[in-house]
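**Q** I'm passing along entry32.cif; it holds mmCIF, C-alpha atoms.
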data_target
#
loop_
_atom_site.label_atom_id
_atom_site.label_comp_id
_atom_site.auth_asym_id
_atom_site.auth_seq_id
_atom_site.Cartn_x
_atom_site.Cartn_y
_atom_site.Cartn_z
CA MET A 19 142.33 3.36 74.41
CA ASP A 20 141.79 7.12 74.00
CA LEU A 21 138.20 7.24 72.77
CA TYR A 22 138.64 10.77 71.40
CA ASN A 23 141.03 9.31 68.80
CA LEU A 24 138.25 7.24 67.20
CA THR A 25 136.55 8.24 63.97
CA ALA A 26 132.76 8.43 63.98
CA THR A 27 132.56 5.12 62.11
CA GLU A 28 134.78 3.45 64.72
CA MET A 29 132.79 4.95 67.59
CA LEU A 30 129.53 3.64 66.18
CA GLU A 31 130.88 0.13 65.68
CA LEU A 32 132.15 -0.04 69.26
CA MET A 33 128.97 1.47 70.69
CA LYS A 34 126.80 -0.97 68.74
CA SER A 35 128.81 -3.89 70.14
CA LYS A 36 128.55 -2.29 73.63
CA ASN A 37 132.33 -2.20 74.02
CA ILE A 38 132.05 1.51 74.79
CA SER A 39 129.21 3.84 75.71
CA ALA A 40 128.22 7.26 74.39
CA THR A 41 128.83 8.63 77.88
CA GLU A 42 132.39 7.28 77.89
CA VAL A 43 132.96 8.89 74.50
CA ALA A 44 131.56 12.20 75.76
CA LYS A 45 133.76 12.19 78.86
CA SER A 46 136.85 11.48 76.76
CA ILE A 47 135.92 14.33 74.42
CA ILE A 48 135.41 16.68 77.36
CA ASP A 49 138.86 15.82 78.73
CA ARG A 50 140.36 16.47 75.32
CA TYR A 51 138.55 19.80 75.08
CA HIS A 52 139.93 20.93 78.45
CA ALA A 53 143.45 19.84 77.48
CA LEU A 54 143.53 21.80 74.21
CA GLN A 55 140.90 24.54 73.98
CA ASP A 56 142.93 27.24 75.72
CA SER A 57 145.83 26.81 73.28
CA LEU A 58 143.92 26.04 70.06
CA LYS A 59 140.84 28.27 70.55
CA ALA A 60 138.64 26.09 68.34
CA TRP A 61 135.32 26.64 70.16
CA VAL A 62 133.13 29.60 71.07
CA TYR A 63 130.39 27.63 72.86
CA PHE A 64 130.31 24.27 74.62
CA ASP A 65 127.67 23.20 77.16
CA GLU A 66 129.23 20.18 78.89
CA GLU A 67 126.10 19.40 80.92
CA ALA A 68 123.88 19.26 77.83
CA PHE A 69 126.52 17.21 76.01
CA LEU A 70 126.61 14.60 78.79
CA THR A 71 122.80 14.56 79.04
CA GLN A 72 122.54 13.83 75.31
CA ALA A 73 125.15 11.07 75.65
CA SER A 74 123.19 9.48 78.50
CA ALA A 75 120.02 9.56 76.39
CA ALA A 76 121.89 7.83 73.54
CA ASP A 77 122.98 5.08 75.92
CA GLN A 78 119.42 4.60 77.15
CA ASN A 79 117.93 4.54 73.66
CA GLY A 80 120.63 2.37 72.11
CA VAL A 81 122.60 2.87 68.92
CA ASN A 82 119.60 2.78 66.62
CA LYS A 83 120.33 5.81 64.46
CA SER A 84 123.07 6.56 61.96
CA LEU A 85 124.93 9.00 64.24
CA SER A 86 123.74 7.86 67.68
CA GLY A 87 125.98 9.39 70.35
CA VAL A 88 128.58 10.74 67.91
CA PRO A 89 129.96 14.18 68.92
CA VAL A 90 129.49 16.83 66.23
CA GLY A 91 130.66 20.45 66.16
CA LEU A 92 128.80 23.23 64.34
CA LYS A 93 130.44 26.21 62.68
CA ASP A 94 129.09 29.32 64.36
CA ILE A 95 126.97 30.33 61.38
CA TYR A 96 124.51 27.42 61.85
CA TYR A 97 121.28 28.52 63.51
CA THR A 98 120.88 26.46 66.69
CA ALA A 99 117.78 26.94 68.81
CA GLY A 100 118.54 28.45 72.20
CA ILE A 101 122.28 28.63 71.55
CA PRO A 102 124.19 31.80 70.57
CA THR A 103 124.94 32.04 66.85
CA GLU A 104 127.18 35.06 66.47
CA ALA A 105 129.03 34.29 63.19
CA GLY A 106 132.30 35.43 64.73
CA SER A 107 131.14 39.04 64.68
CA LYS A 108 130.29 41.83 67.10
CA VAL A 109 127.47 42.69 64.69
CA TYR A 110 125.61 39.50 65.76
CA SER A 111 126.66 39.65 69.41
CA GLY A 112 124.00 38.06 71.62
CA PHE A 113 121.94 36.65 68.74
CA VAL A 114 120.15 33.44 69.77
CA PRO A 115 118.00 31.77 67.08
CA GLU A 116 114.59 30.34 67.89
CA GLU A 117 114.97 27.37 65.56
CA ASP A 118 117.61 25.06 64.15
CA ALA A 119 119.12 25.16 60.69
CA ALA A 120 117.77 22.39 58.46
CA THR A 121 121.08 20.52 58.70
CA VAL A 122 121.14 20.79 62.49
CA SER A 123 117.65 19.30 62.68
CA LEU A 124 118.76 16.41 60.45
CA LEU A 125 121.87 15.79 62.54
CA LYS A 126 119.76 15.69 65.70
CA ASP A 127 117.28 13.35 64.00
CA ALA A 128 120.23 11.07 63.18
CA GLY A 129 121.17 10.94 66.87
CA ALA A 130 124.25 13.19 66.73
CA ASN A 131 125.42 14.59 70.07
CA ILE A 132 125.77 18.27 69.22
CA MET A 133 128.83 19.43 71.10
CA GLY A 134 128.73 23.18 70.51
CA LYS A 135 129.78 25.97 68.17
CA THR A 136 133.19 26.17 66.52
CA VAL A 137 135.05 29.36 65.74
CA THR A 138 134.50 30.95 62.33
CA THR A 139 136.13 33.88 60.63
CA GLU A 140 133.81 36.90 60.75
CA PHE A 141 130.66 36.04 58.80
CA ALA A 142 132.59 33.18 57.17
CA CYS A 143 134.67 35.65 55.20
CA LEU A 144 138.20 37.04 55.20
CA ASP A 145 139.45 38.17 58.60
CA PRO A 146 141.21 35.33 60.45
CA SER A 147 139.72 33.87 63.61
CA GLU A 148 141.64 33.33 66.83
CA ALA A 149 142.03 29.58 66.18
CA VAL A 150 145.54 28.25 65.49
CA ASN A 151 146.85 25.24 63.60
CA PRO A 152 147.36 22.19 65.85
CA TRP A 153 150.35 21.07 63.77
CA ASN A 154 152.17 24.31 64.59
CA PHE A 155 150.56 27.09 66.59
CA ALA A 156 152.42 29.74 64.56
CA HIS A 157 150.62 28.67 61.37
CA THR A 158 147.14 29.54 60.15
CA PRO A 159 144.48 26.83 60.28
CA GLY A 160 142.86 28.38 57.21
CA GLY A 161 139.34 29.66 57.04
CA SER A 162 136.57 30.27 57.19
CA SER A 163 135.76 26.93 58.85
CA SER A 164 138.85 27.31 61.01
CA GLY A 165 137.49 26.12 64.35
CA SER A 166 135.79 23.12 62.77
CA ALA A 167 139.03 22.01 61.09
CA VAL A 168 141.09 22.53 64.24
CA ALA A 169 138.57 20.66 66.42
CA VAL A 170 138.56 17.63 64.12
CA ALA A 171 142.33 17.58 63.50
CA SER A 172 143.09 17.83 67.23
CA ARG A 173 140.60 15.07 68.13
CA MET A 174 138.17 17.31 70.00
CA CYS A 175 135.38 15.83 67.86
CA PRO A 176 135.24 13.42 64.90
CA ILE A 177 132.87 15.52 62.76
CA ALA A 178 132.39 19.27 62.43
CA MET A 179 130.16 21.19 60.06
CA GLY A 180 131.53 23.96 57.88
CA SER A 181 130.55 25.94 54.81
CA GLN A 182 132.29 26.84 51.57
CA THR A 183 131.73 30.00 49.53
CA VAL A 184 135.21 29.94 47.97
CA GLY A 185 137.50 27.47 49.75
CA SER A 186 136.38 27.44 53.36
CA VAL A 187 136.07 23.67 53.87
CA LEU A 188 138.74 22.11 51.65
CA ARG A 189 141.49 24.63 52.38
CA PRO A 190 141.36 24.26 56.19
CA ALA A 191 141.07 20.49 55.70
CA ALA A 192 144.31 20.49 53.72
CA PHE A 193 146.06 22.84 56.15
CA ASN A 194 145.08 20.63 59.12
CA GLY A 195 145.68 17.18 57.62
CA ILE A 196 142.06 15.98 57.55
CA VAL A 197 139.22 15.31 55.10
CA GLY A 198 137.05 18.17 53.83
CA TYR A 199 134.02 17.45 51.64
CA LYS A 200 131.80 19.85 49.70
CA PRO A 201 128.91 18.11 47.91
CA THR A 202 127.25 19.18 44.69
CA PHE A 203 125.56 22.56 45.12
CA GLY A 204 121.92 22.05 46.06
CA LEU A 205 122.11 18.51 47.46
CA VAL A 206 122.21 19.69 51.10
CA SER A 207 119.96 22.45 52.41
CA ARG A 208 121.49 25.80 53.35
CA ARG A 209 118.40 26.97 55.22
CA GLY A 210 119.32 28.38 58.59
CA LEU A 211 122.93 29.32 57.82
CA VAL A 212 124.07 32.93 58.06
CA PRO A 213 124.69 33.62 54.36
CA VAL A 214 127.59 35.12 52.45
CA SER A 215 126.49 34.64 48.83
CA TRP A 216 123.27 33.00 47.65
CA ASN A 217 124.90 31.91 44.38
CA LEU A 218 127.95 30.34 46.03
CA ASP A 219 127.37 29.23 49.64
CA THR A 220 127.57 25.44 50.04
CA VAL A 221 127.27 23.28 53.15
CA GLY A 222 130.32 21.10 53.79
CA TRP A 223 131.94 19.19 56.63
CA LEU A 224 135.26 18.08 58.06
CA THR A 225 136.14 14.58 59.25
CA ARG A 226 139.19 12.34 59.70
CA SER A 227 138.09 9.71 57.19
CA VAL A 228 136.18 9.53 53.93
CA ALA A 229 133.90 6.93 55.54
CA ASP A 230 132.82 9.55 58.07
CA ALA A 231 132.23 12.08 55.29
CA ALA A 232 129.94 9.57 53.55
CA LEU A 233 128.15 8.89 56.84
CA VAL A 234 127.27 12.58 57.17
CA MET A 235 126.16 12.76 53.54
CA ASP A 236 123.68 9.94 54.15
CA CYS A 237 122.12 12.01 56.94
CA LEU A 238 121.99 15.40 55.24
CA ILE A 239 121.14 14.84 51.58
CA GLY A 240 117.54 15.64 50.73
CA PHE A 241 115.21 18.12 49.07
CA ASP A 242 114.15 21.14 51.11
CA GLU A 243 111.17 22.99 49.65
CA LEU A 244 112.10 26.05 51.75
CA ASP A 245 115.56 26.32 50.19
CA LYS A 246 115.29 27.68 46.64
CA SER A 247 118.69 26.18 45.71
CA SER A 248 117.64 22.66 46.76
CA ILE A 249 117.69 19.84 44.19
CA ARG A 250 115.72 16.58 44.18
CA PHE A 251 118.15 13.66 44.19
CA ASN A 252 117.66 10.08 45.32
CA ASN A 253 120.04 9.06 48.10
CA PRO A 254 122.02 6.11 46.67
CA GLY A 255 123.35 5.07 50.09
CA PHE A 256 126.82 6.58 50.25
CA SER A 257 128.12 4.57 53.21
CA ALA A 258 126.64 1.28 52.00
CA ASN A 259 128.24 1.65 48.58
CA LEU A 260 131.53 3.24 49.60
CA GLN A 261 133.59 0.07 49.15
CA LYS A 262 132.52 -0.46 45.54
CA PRO A 263 135.23 0.22 42.92
CA PRO A 264 135.16 3.78 41.55
CA LYS A 265 135.32 4.79 37.93
CA LYS A 266 138.94 5.52 37.15
CA LYS A 267 139.46 7.86 34.19
CA VAL A 268 141.33 10.80 35.73
CA ALA A 269 142.39 14.23 34.50
CA TYR A 270 145.44 15.48 36.43
CA LEU A 271 145.35 19.24 35.85
CA LYS A 272 148.45 21.39 35.56
CA GLY A 273 148.88 25.00 34.41
CA TYR A 274 146.66 27.03 36.73
CA PHE A 275 147.01 24.23 39.28
CA SER A 276 150.80 23.91 39.06
CA ASP A 277 152.25 27.36 38.35
CA GLY A 278 153.88 28.75 41.48
CA VAL A 279 152.97 25.76 43.63
CA GLU A 280 155.39 24.86 46.43
CA SER A 281 157.74 22.09 45.33
CA ASP A 282 156.87 19.85 48.31
CA ILE A 283 153.24 19.88 47.21
CA THR A 284 154.01 19.25 43.53
CA ASN A 285 156.31 16.34 44.39
CA ASN A 286 153.76 14.86 46.76
CA ILE A 287 150.81 15.02 44.36
CA ASP A 288 152.97 13.66 41.52
CA ALA A 289 153.84 10.70 43.77
CA GLN A 290 150.19 10.07 44.64
CA VAL A 291 149.18 10.19 40.99
CA SER A 292 151.91 7.62 40.23
CA LYS A 293 150.31 5.34 42.84
CA LEU A 294 146.96 5.77 41.12
CA ASP A 295 148.50 4.87 37.78
CA GLU A 296 149.98 1.70 39.30
CA ALA A 297 146.60 0.88 40.86
CA GLY A 298 144.87 0.86 37.48
CA TYR A 299 143.62 4.41 37.16
CA ASP A 300 143.71 5.84 33.64
CA VAL A 301 145.47 9.14 34.35
CA GLU A 302 145.92 11.87 31.75
CA GLU A 303 148.08 14.85 32.66
CA LEU A 304 147.05 18.04 30.88
CA ASN A 305 147.02 21.80 31.23
CA SER A 306 143.93 23.35 32.74
CA PRO A 307 141.30 24.01 30.09
CA TYR A 308 139.55 27.38 30.00
CA ASP A 309 140.31 30.42 32.10
CA PHE A 310 140.32 29.39 35.76
CA GLN A 311 141.93 32.66 36.80
CA SER A 312 139.08 34.74 35.39
CA ALA A 313 136.57 32.36 36.96
CA PHE A 314 138.21 32.90 40.34
CA TYR A 315 138.10 36.68 39.86
CA ASN A 316 134.42 36.60 38.91
CA GLN A 317 133.64 34.46 41.92
CA ARG A 318 135.18 36.95 44.31
CA LEU A 319 133.23 39.77 42.62
CA ILE A 320 129.93 37.88 42.93
CA MET A 321 130.71 37.10 46.56
CA ALA A 322 131.44 40.76 47.33
CA VAL A 323 128.23 42.05 45.72
CA GLU A 324 125.95 39.46 47.30
CA ALA A 325 127.56 39.79 50.74
CA ALA A 326 127.13 43.56 50.50
CA ALA A 327 123.45 43.10 49.65
CA PHE A 328 122.89 40.90 52.72
CA HIS A 329 124.84 43.19 55.08
CA ARG A 330 123.67 46.50 53.63
CA GLU A 331 121.54 47.65 56.55
CA ASN A 332 123.96 46.54 59.25
CA TYR A 333 126.90 47.97 57.32
CA ALA A 334 125.15 51.34 57.05
CA SER A 335 124.63 51.59 60.80
CA LYS A 336 127.41 49.42 62.25
CA ALA A 337 130.32 49.63 59.80
CA ASP A 338 132.76 50.21 62.65
CA LEU A 339 131.88 46.80 64.14
CA TYR A 340 133.04 44.90 61.08
CA ARG A 341 136.65 43.74 60.90
CA PRO A 342 138.92 45.41 58.30
CA LYS A 343 139.04 42.86 55.48
CA LEU A 344 135.31 42.17 55.52
CA ARG A 345 134.52 45.88 55.84
CA ALA A 346 136.66 46.56 52.74
CA MET A 347 134.98 43.76 50.79
CA LEU A 348 131.50 45.04 51.64
CA ALA A 349 132.46 48.58 50.62
CA GLN A 350 133.76 47.25 47.32
CA GLY A 351 130.66 45.13 46.79
CA LEU A 352 128.44 48.18 47.20
CA GLU A 353 130.46 50.06 44.58
CA TYR A 354 130.10 47.51 41.75
CA ASP A 355 127.44 48.46 39.21
CA GLY A 356 124.74 46.12 37.96
CA LEU A 357 126.36 45.60 34.55
CA THR A 358 129.64 44.45 36.12
CA TYR A 359 127.80 42.01 38.37
CA ALA A 360 125.65 40.74 35.49
CA ASN A 361 128.74 40.18 33.33
CA ALA A 362 130.39 38.19 36.12
CA LEU A 363 127.30 35.99 36.41
CA GLU A 364 127.14 35.49 32.64
CA GLU A 365 130.83 34.55 32.45
CA ARG A 366 130.36 32.14 35.33
CA GLU A 367 127.58 30.37 33.44
CA GLN A 368 129.77 30.06 30.34
CA PHE A 369 132.61 28.69 32.48
CA ARG A 370 130.22 26.21 34.11
CA PHE A 371 129.00 25.03 30.69
CA ASP A 372 132.53 24.62 29.32
CA VAL A 373 133.98 22.85 32.36
CA LYS A 374 130.95 20.57 32.73
CA ASN A 375 131.44 19.38 29.15
CA PHE A 376 135.14 18.86 29.81
CA ALA A 377 134.54 17.04 33.12
CA GLU A 378 132.11 14.61 31.51
CA THR A 379 135.03 13.29 29.44
CA TYR A 380 136.59 12.09 32.71
CA ASP A 381 135.36 10.41 35.87
CA LEU A 382 137.53 12.45 38.22
CA ILE A 383 139.77 15.51 38.26
CA ILE A 384 142.81 15.77 40.54
CA THR A 385 144.74 18.84 41.63
CA PRO A 386 146.64 19.89 44.74
CA SER A 387 144.23 21.19 47.36
CA THR A 388 146.27 24.35 47.84
CA PRO A 389 149.28 26.04 46.20
CA GLU A 390 150.96 26.26 49.62
CA VAL A 391 150.99 24.47 52.93
CA ALA A 392 149.50 26.40 55.83
CA PRO A 393 151.42 29.70 55.97
CA GLY A 394 153.34 30.53 59.11
CA ASP A 395 151.25 33.66 59.48
CA VAL A 396 148.08 33.78 61.57
CA SER A 397 147.05 37.08 59.96
CA THR A 398 146.00 35.19 56.80
CA THR A 399 143.72 32.24 56.06
CA GLY A 400 145.72 31.18 53.01
CA ASN A 401 145.04 31.10 49.29
CA PRO A 402 141.70 29.58 48.15
CA MET A 403 142.39 29.78 44.41
CA PHE A 404 142.37 26.00 43.83
CA GLN A 405 138.92 25.48 45.40
CA GLY A 406 137.22 28.67 44.27
CA PRO A 407 136.42 27.88 40.63
CA TRP A 408 134.87 24.50 41.53
CA THR A 409 132.72 26.08 44.23
CA ALA A 410 131.63 28.81 41.82
CA ILE A 411 130.12 26.25 39.44
CA GLY A 412 128.75 23.87 42.06
CA PHE A 413 130.99 20.85 41.43
CA PRO A 414 131.47 18.36 44.29
CA ALA A 415 135.00 18.27 45.67
CA ILE A 416 136.94 16.62 48.47
CA SER A 417 140.37 17.15 50.00
CA ILE A 418 142.18 14.18 51.52
CA PRO A 419 145.51 14.34 53.36
CA SER A 420 148.34 13.07 51.19
CA GLY A 421 151.59 13.77 53.02
CA ILE A 422 153.76 16.05 55.13
CA SER A 423 155.93 18.86 53.81
CA SER A 424 159.57 19.42 54.71
CA ASN A 425 158.49 21.94 57.39
CA GLY A 426 156.18 19.43 59.05
CA MET A 427 152.86 20.78 57.77
CA PRO A 428 150.19 18.64 56.04
CA ILE A 429 149.59 18.47 52.29
CA GLY A 430 146.20 17.83 50.73
CA MET A 431 145.07 16.36 47.41
CA GLN A 432 141.86 17.69 45.85
CA ILE A 433 139.54 15.37 43.94
CA VAL A 434 136.66 16.81 41.89
CA ALA A 435 133.78 15.17 40.03
CA SER A 436 130.95 16.27 37.78
CA PRO A 437 127.77 17.59 39.44
CA MET A 438 125.60 14.83 40.95
CA ASP A 439 128.47 12.32 40.76
CA ASP A 440 129.09 12.52 44.52
CA LEU A 441 128.91 8.77 45.05
CA ASN A 442 131.74 8.05 42.63
CA LEU A 443 133.72 10.94 44.13
CA LEU A 444 133.44 9.49 47.64
CA GLN A 445 134.17 5.95 46.40
CA ALA A 446 137.32 7.20 44.66
CA ALA A 447 138.41 9.30 47.64
CA HIS A 448 137.96 6.29 49.93
CA HIS A 449 140.04 4.09 47.63
CA MET A 450 142.73 6.76 47.23
CA GLU A 451 142.79 7.31 50.99
CA GLN A 452 143.67 3.64 51.40
CA LEU A 453 146.34 3.79 48.68
CA ILE A 454 147.98 6.85 50.24
CA GLY A 455 147.85 5.46 53.78
CA PHE A 456 148.19 8.80 55.57
CA SER A 457 148.30 8.22 59.32
CA GLU A 458 150.14 11.22 60.79
CA GLN A 459 148.46 13.50 63.29
CA PRO A 460 149.43 16.67 65.13
CA LYS A 461 151.45 16.20 68.30
CA CYS A 462 149.46 18.68 70.39
#
What is this file in structure tokens?

**A**
Amino acid sequence: MDLYNLTATEMLELMKSKNISATEVAKSIIDRYHALQDSLKAWVYFDEEAFLTQASAADQNGVNKSLSGVPVGLKDIYYTAGIPTEAGSKVYSGFVPEEDAATVSLLKDAGANIMGKTVTTEFACLDPSEAVNPWNFAHTPGGSSSGSAVAVASRMCPIAMGSQTVGSVLRPAAFNGIVGYKPTFGLVSRRGLVPVSWNLDTVGWLTRSVADAALVMDCLIGFDELDKSSIRFNNPGFSANLQKPPKKKVAYLKGYFSDGVESDITNNIDAQVSKLDEAGYDVEELNSPYDFQSAFYNQRLIMAVEAAAFHRENYASKADLYRPKLRAMLAQGLEYDGLTYANALEEREQFRFDVKNFAETYDLIITPSTPEVAPGDVSTTGNPMFQGPWTAIGFPAISIPSGISSNGMPIGMQIVASPMDDLNLLQAAHHMEQLIGFSEQPKC
């Protein structure tokens, strides 16, 4: 048995029963890393000695924590004490934080074996990273959580942390045939992440099963008094309640989410929705309400202004160190006037109000995860338009793999729920994952 193929949930079960050890898992992961890293370029930092030491400690202490001995990758924007955190940029070259991000501390408290830092696009923005898609090296893995998605899809780790300001968790999840989950804005602390936009940045993660996504949520949810976006919310026990039947009134959105979409994707999502209908879901197909296109435009404007505010000093003195797409976005963000920015924020709040009222009529919303499968062009990270509006208004969303296109690339289905309804979202995604029965994996 190749231990690197196991999900986190499977690893934990086998470690608890003492059929495998954390050290055996770590050695299998290390072998996988050496077999694939040079071709996939998913990692920027990996300390094998520390990784094995942590695995040995997990074996000595026993599987007594929720992530004991489970390998976890961190997107290279997560502050990690004593480990370089360079955000994929020459601007942060050599930066080593003195403390961990809040999420990193929680992962360590849960017993996770932190493997290292995964590649990110520069400052989690626009310019592609060097990582490639394990399904086809000529195709983009998406971004900005590119290395995290590639590492999980290629079995170099079962869990990797990402972040989503527009579509940076769910899009790479869809492009790489894995699960990407972004919880309700404010449920997981952002403290200790290199920011892009304080109104939009959301912690998220990539896994190969919904059960693993729920496992991480159990560890990370919680109020952080040092994060001004943090929300108090009682942990309902996501893993323990994952098998319970979800609520099943579904809006299947078209219009904005169907115009110009590749036919393979449309046909696949239509087929999955038919399965849901047969399984007892109450599915209503309807055109997208409200102006999603304007919401997406406003989101990009807000992102540009707030990123420019954060980078202002470095941009003034080190503009030449920034890569072209990010440099152009920062320049544009500095040019917007206060009225334009204020109008974008006001329109976002109106959009949030309208869509929240609409979403409360349904239990779940379904769309394709992306309008295209991963483009055969590593100079792009793909189109985030289907995730962006949901991120802008803080709704929880998940992408699960739903099929393979005619060119051999994965297709993803996006499921969205109302804010704070993360448990039902994960329950539904778990049930849908079983109905779809996706089992393909890259042949790398």

**Q** Quick one: residues within 8 Å of stretch 111-123 of chain A, all atoms listed in the file counted, chain neighbours fewer than 2 positions away excluded, as a list in words?

**A**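 Here the answer would be Tyr96, Tyr97, Thr98, Ala99, Gly100, Ile101, Pro102, Thr103, Glu104, Ser107, Lys108, Val109, Leu125, Lys126, Asp127, Val206, Ser207, Arg208, Arg209, Gly210, Leu211 and Leu238 of chain A.
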
**Q** Residues at most 8 Å from A:Thr398, counting all atoms listed in the file, excluding those fewer than 2 positions away in the same chain, as number ranges by chain?

**A** A: 145-146, 158, 160, 393, 395-396, 400

**Q** Determine the residue set returned by the PyMOL selection byres ((chain A and resi 189-197) around 7) for the present structure, and present it as a ChimeraX atom specification.

**A** /A:151,159-161,163-164,167-168,171,185-188,198-199,224-228,387-388,391-392,402,417-419,428-430

**Q** Kindly provide, as a ChimeraX atom specification, the polymer residues lying within 12 Å of (128.0, 3.3, 64.1), counting only C-alpha atoms and using the coordinates exactly as they appear in the file.

**A** /A:24-36,38-40,80-88,128-130,229-230,233-234,257

**Q** List every protein, DNA or RNA residue that has at least one atom no more than 9 Å from (127.4, 35.7, 40.9) in the file's coordinates, counting all atoms listed in the file, and write the result as an MDAnalysis selection string.

**A** chainID A and resid 215:218 316:321 323:324 359:364 366 410

**Q** Have a look at atom CA of A:Tyr315 and atom CA of A:Leu348 and let me know their distance in Å, one decimal.

**A** 15.9 Å

**Q** Could you state which residues are captured by the PyMOL selection byres ((chain A and resi 380-383) around 8) in this file, as a PyMOL selection string?

**A** chain A and resi 265-271+376-379+384-385+433-436+443

**Q** Between A:Ile416, A:Ala346, A:Val291, A:Ala258, which residue has the minimum interatomic distance to A:Ile454, considering all atoms listed in the file?

**A** A:Val291

**Q** Quick one: distance from atom CA of A:Ala44 to atom CA of A:His448 in Å, one decimal?

**A** 27.3 Å

**Q** Which residues would end up in the selection if the PyMOL selection byres ((chain A and resi 153) around 7) were applied here, given that I need the answer as a compact mmCIF listing (two decimals) with C-alpha atoms, in the coordinates of the input?

**A**
# COMPACT_ATOMS: atom_id res chain seq x y z
CA ASN A 151 146.85 25.24 63.60
CA PRO A 152 147.36 22.19 65.85
CA ASN A 154 152.17 24.31 64.59
CA PHE A 155 150.56 27.09 66.59
CA MET A 427 152.86 20.78 57.77
CA PRO A 460 149.43 16.67 65.13
CA LYS A 461 151.45 16.20 68.30

**Q** Given the choices A:Leu304, A:Pro437, A:Tyr110, A:Gln311, which gets closest to A:His329 if the distance is worked out from all atoms listed in the file?

**A**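 Answer, going by the shortest atom-to-atom distance: A:Tyr110.
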
**Q** For a test of reading the model, state the distance in Å between atom CA of A:Gln261 and atom CA of A:Leu444, rounded to one decimal.

**A** 9.5 Å

**Q** Point out the residue among A:Val90, A:Ala322, A:Ser46, A:Tyr22 with the least atom-to-atom distance to A:Thr358, counting all atoms listed in the file.

**A**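 Under the stated criterion, the closest residue is A:Ala322.
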
**Q** Which of these residues is nearest to A:Tyr333, using only C-alpha atoms: A:Gly351, A:Gly406, A:Gly106, A:Gly165?

**A**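 Ranked by minimum distance to A:Tyr333, first place goes to A:Gly351.
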
**Q** May I ask which of the residues A:Ala289, A:Val184, A:Met174, A:Ala334 is the closest one to A:Phe314, counting all atoms listed in the file?

**A**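 Going through A:Ala289, A:Val184, A:Met174, A:Ala334 one by one, the smallest distance to A:Phe314 is for A:Val184.
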
**Q** Mind rebuilding stretch 170-183 of chain A with N, CA and C atoms and writing that out as a CSV table (one decimal), in the coordinates of the input?

**A**
chain,number,residue,atom,x,y,z
A,170,VAL,N,138.5,19.0,64.7
A,170,VAL,CA,138.6,17.6,64.1
A,170,VAL,C,140.0,17.1,64.1
A,171,ALA,N,140.9,18.0,63.6
A,171,ALA,CA,142.3,17.6,63.5
A,171,ALA,C,142.9,17.3,64.9
A,172,SER,N,142.5,18.0,65.9
A,172,SER,CA,143.1,17.8,67.2
A,172,SER,C,142.3,16.8,68.1
A,173,ARG,N,141.4,16.1,67.5
A,173,ARG,CA,140.6,15.1,68.1
A,173,ARG,C,139.7,15.6,69.2
A,174,MET,N,139.2,16.8,69.1
A,174,MET,CA,138.2,17.3,70.0
A,174,MET,C,136.8,16.9,69.6
A,175,CYS,N,136.6,16.4,68.3
A,175,CYS,CA,135.4,15.8,67.9
A,175,CYS,C,135.7,15.1,66.5
A,176,PRO,N,135.0,14.1,66.2
A,176,PRO,CA,135.2,13.4,64.9
A,176,PRO,C,134.6,14.1,63.7
A,177,ILE,N,133.6,14.9,63.9
A,177,ILE,CA,132.9,15.5,62.8
A,177,ILE,C,132.6,17.0,63.1
A,178,ALA,N,132.8,17.9,62.2
A,178,ALA,CA,132.4,19.3,62.4
A,178,ALA,C,131.9,19.8,61.1
A,179,MET,N,130.8,20.6,61.2
A,179,MET,CA,130.2,21.2,60.1
A,179,MET,C,130.9,22.5,59.7
A,180,GLY,N,131.0,22.7,58.4
A,180,GLY,CA,131.5,24.0,57.9
A,180,GLY,C,130.7,24.5,56.8
A,181,SER,N,131.2,25.4,56.0
A,181,SER,CA,130.6,25.9,54.8
A,181,SER,C,131.6,26.4,53.9
A,182,GLN,N,131.3,26.4,52.6
A,182,GLN,CA,132.3,26.8,51.6
A,182,GLN,C,131.6,27.8,50.6
A,183,THR,N,132.1,29.0,50.5
A,183,THR,CA,131.7,30.0,49.5
A,183,THR,C,132.8,30.1,48.5
